[in-house]
$ cat query_0.cif   # mmCIF, C-alpha atoms and all ligand atoms
data_query
loop_
_atom_site.label_atom_id
_atom_site.label_comp_id
_atom_site.auth_asym_id
_atom_site.auth_seq_id
_atom_site.Cartn_x
_atom_site.Cartn_y
_atom_site.Cartn_z
CA MET A 3 -40.00 86.64 2.03
CA ALA A 4 -41.07 83.01 2.09
CA VAL A 5 -38.26 80.52 1.97
CA PRO A 6 -38.72 76.84 1.01
CA LYS A 7 -38.51 74.59 4.05
CA TYR A 8 -37.02 71.63 2.24
CA ARG A 9 -34.62 71.31 -0.61
CA THR A 10 -36.34 70.14 -3.83
CA SER A 11 -35.11 66.63 -4.53
CA ARG A 12 -33.13 65.94 -7.67
CA SER A 13 -35.97 63.78 -8.92
CA LYS A 14 -38.65 66.44 -8.35
CA ALA A 15 -36.54 69.20 -9.88
CA ARG A 16 -35.89 67.09 -12.97
CA MET A 17 -39.57 66.13 -13.25
CA ARG A 18 -40.50 69.82 -13.20
CA ARG A 19 -37.92 70.78 -15.81
CA ASN A 20 -38.75 67.87 -18.05
CA HIS A 21 -42.09 69.19 -19.30
CA TRP A 22 -40.76 70.74 -22.50
CA ARG A 23 -39.90 67.24 -23.73
CA LYS A 24 -43.57 66.32 -23.69
CA MET A 25 -44.59 69.28 -25.84
CA ASP A 26 -45.46 68.90 -29.50
CA PRO A 27 -42.61 69.44 -31.96
CA VAL A 28 -42.09 72.90 -33.45
CA PRO A 29 -45.06 73.70 -35.69
CA SER A 30 -44.45 74.11 -39.38
CA THR A 31 -46.44 75.73 -42.16
CA GLU A 32 -46.31 75.54 -45.91
CA CYS A 33 -44.59 78.31 -47.87
CA PRO A 34 -47.17 79.98 -50.17
CA HIS A 35 -44.47 80.59 -52.76
CA CYS A 36 -42.67 77.26 -53.13
CA HIS A 37 -44.86 75.03 -50.89
CA GLU A 38 -41.90 73.82 -48.89
CA THR A 39 -42.25 73.34 -45.15
CA LYS A 40 -41.13 76.34 -43.16
CA LEU A 41 -41.43 77.76 -39.66
CA PRO A 42 -44.33 80.15 -39.09
CA HIS A 43 -43.46 83.87 -38.94
CA ARG A 44 -40.11 83.18 -40.58
CA ALA A 45 -38.85 83.74 -44.10
CA CYS A 46 -38.85 80.53 -46.11
CA PRO A 47 -35.40 78.90 -46.03
CA HIS A 48 -36.01 77.40 -49.45
CA CYS A 49 -36.97 80.43 -51.56
CA GLY A 50 -36.32 83.30 -49.12
CA PHE A 51 -39.85 84.65 -49.52
CA TYR A 52 -41.87 86.20 -46.74
CA ASN A 53 -45.18 88.07 -47.11
CA GLY A 54 -45.00 87.84 -50.89
CA MET A 55 -41.58 89.46 -51.17
CA GLU A 56 -38.12 87.98 -51.48
CA ILE A 57 -36.44 88.98 -48.23
CA VAL A 58 -33.44 86.68 -48.05
CA ALA A 59 -31.19 86.31 -51.07
CA ARG A 60 -30.71 82.71 -52.05
CA LYS A 61 -27.26 81.20 -52.24
CA GLU A 62 -27.88 79.20 -55.40
CA GLU A 63 -28.90 82.06 -57.71
CA ALA A 64 -26.95 80.62 -60.65
CA LYS A 65 -28.90 77.37 -60.44
CA GLU A 66 -32.03 78.73 -62.13
ZN ZN B 101 -40.61 79.13 -50.07
#
$ encode --input "query_0.cif" --output "structure tokens"
Amino acid sequence: MAVPKYRTSRSKARMRRNHWRKMDPVPSTECPHCHETKLPHRACPHCGFYNGMEIVARKEEAKE
């Protein structure tokens, strides 16, 4: 098995690991039910709806 000849310098290792910082922020989509911003492929944190059904029970049920 091939073995690296030289130790990767601290600087080079950090440069390699740093790439995720340059990525775009987490994408967000609009909830079709309440039009709040939510993460894609996740139930809406605002209304608890996903795929047209209420999946997650809301905490503030008495509010409405
Ligand atoms: Zn929603």
$ residues_near_ligand --input "query_0.cif" --ligand "ligand ZN 101 (chain B)" --cutoff "9 Å" --atoms "only C-alpha atoms and all ligand atoms" --output "list in words"
Glu32, Cys33, Pro34, His35, Cys36, His37, Glu38, Thr39, Lys40, Ala45, Cys46, Pro47, His48, Cys49, Gly50, Phe51 and Tyr52 of chain A
$ atom_distance --input "query_0.cif" --atom1 "CA of Pro29 in chain A" --atom2 "CA of Lys14 in chain A"
29.0 Å
$ closest_residue --input "query_0.cif" --among "A:Thr31, A:Ser11, A:Arg16, A:Pro6" --to "His43 in chain A" --atoms "only C-alpha atoms"
A:Thr31
$ atom_distance --input "query_0.cif" --atom1 "CA of Arg12 in chain A" --atom2 "CA of Pro27 in chain A"
26.3 Å
$ atom_distance --input "query_0.cif" --atom1 "CA of Arg44 in chain A" --atom2 "CA of His21 in chain A"
25.5 Å
$ residues_around --input "query_0.cif" --residues "Val28 in chain A" --least-positions-apart "4" --cutoff "12 Å" --atoms "only C-alpha atoms" --output "PyMOL selection string"
chain A and resi 22-24+39-42
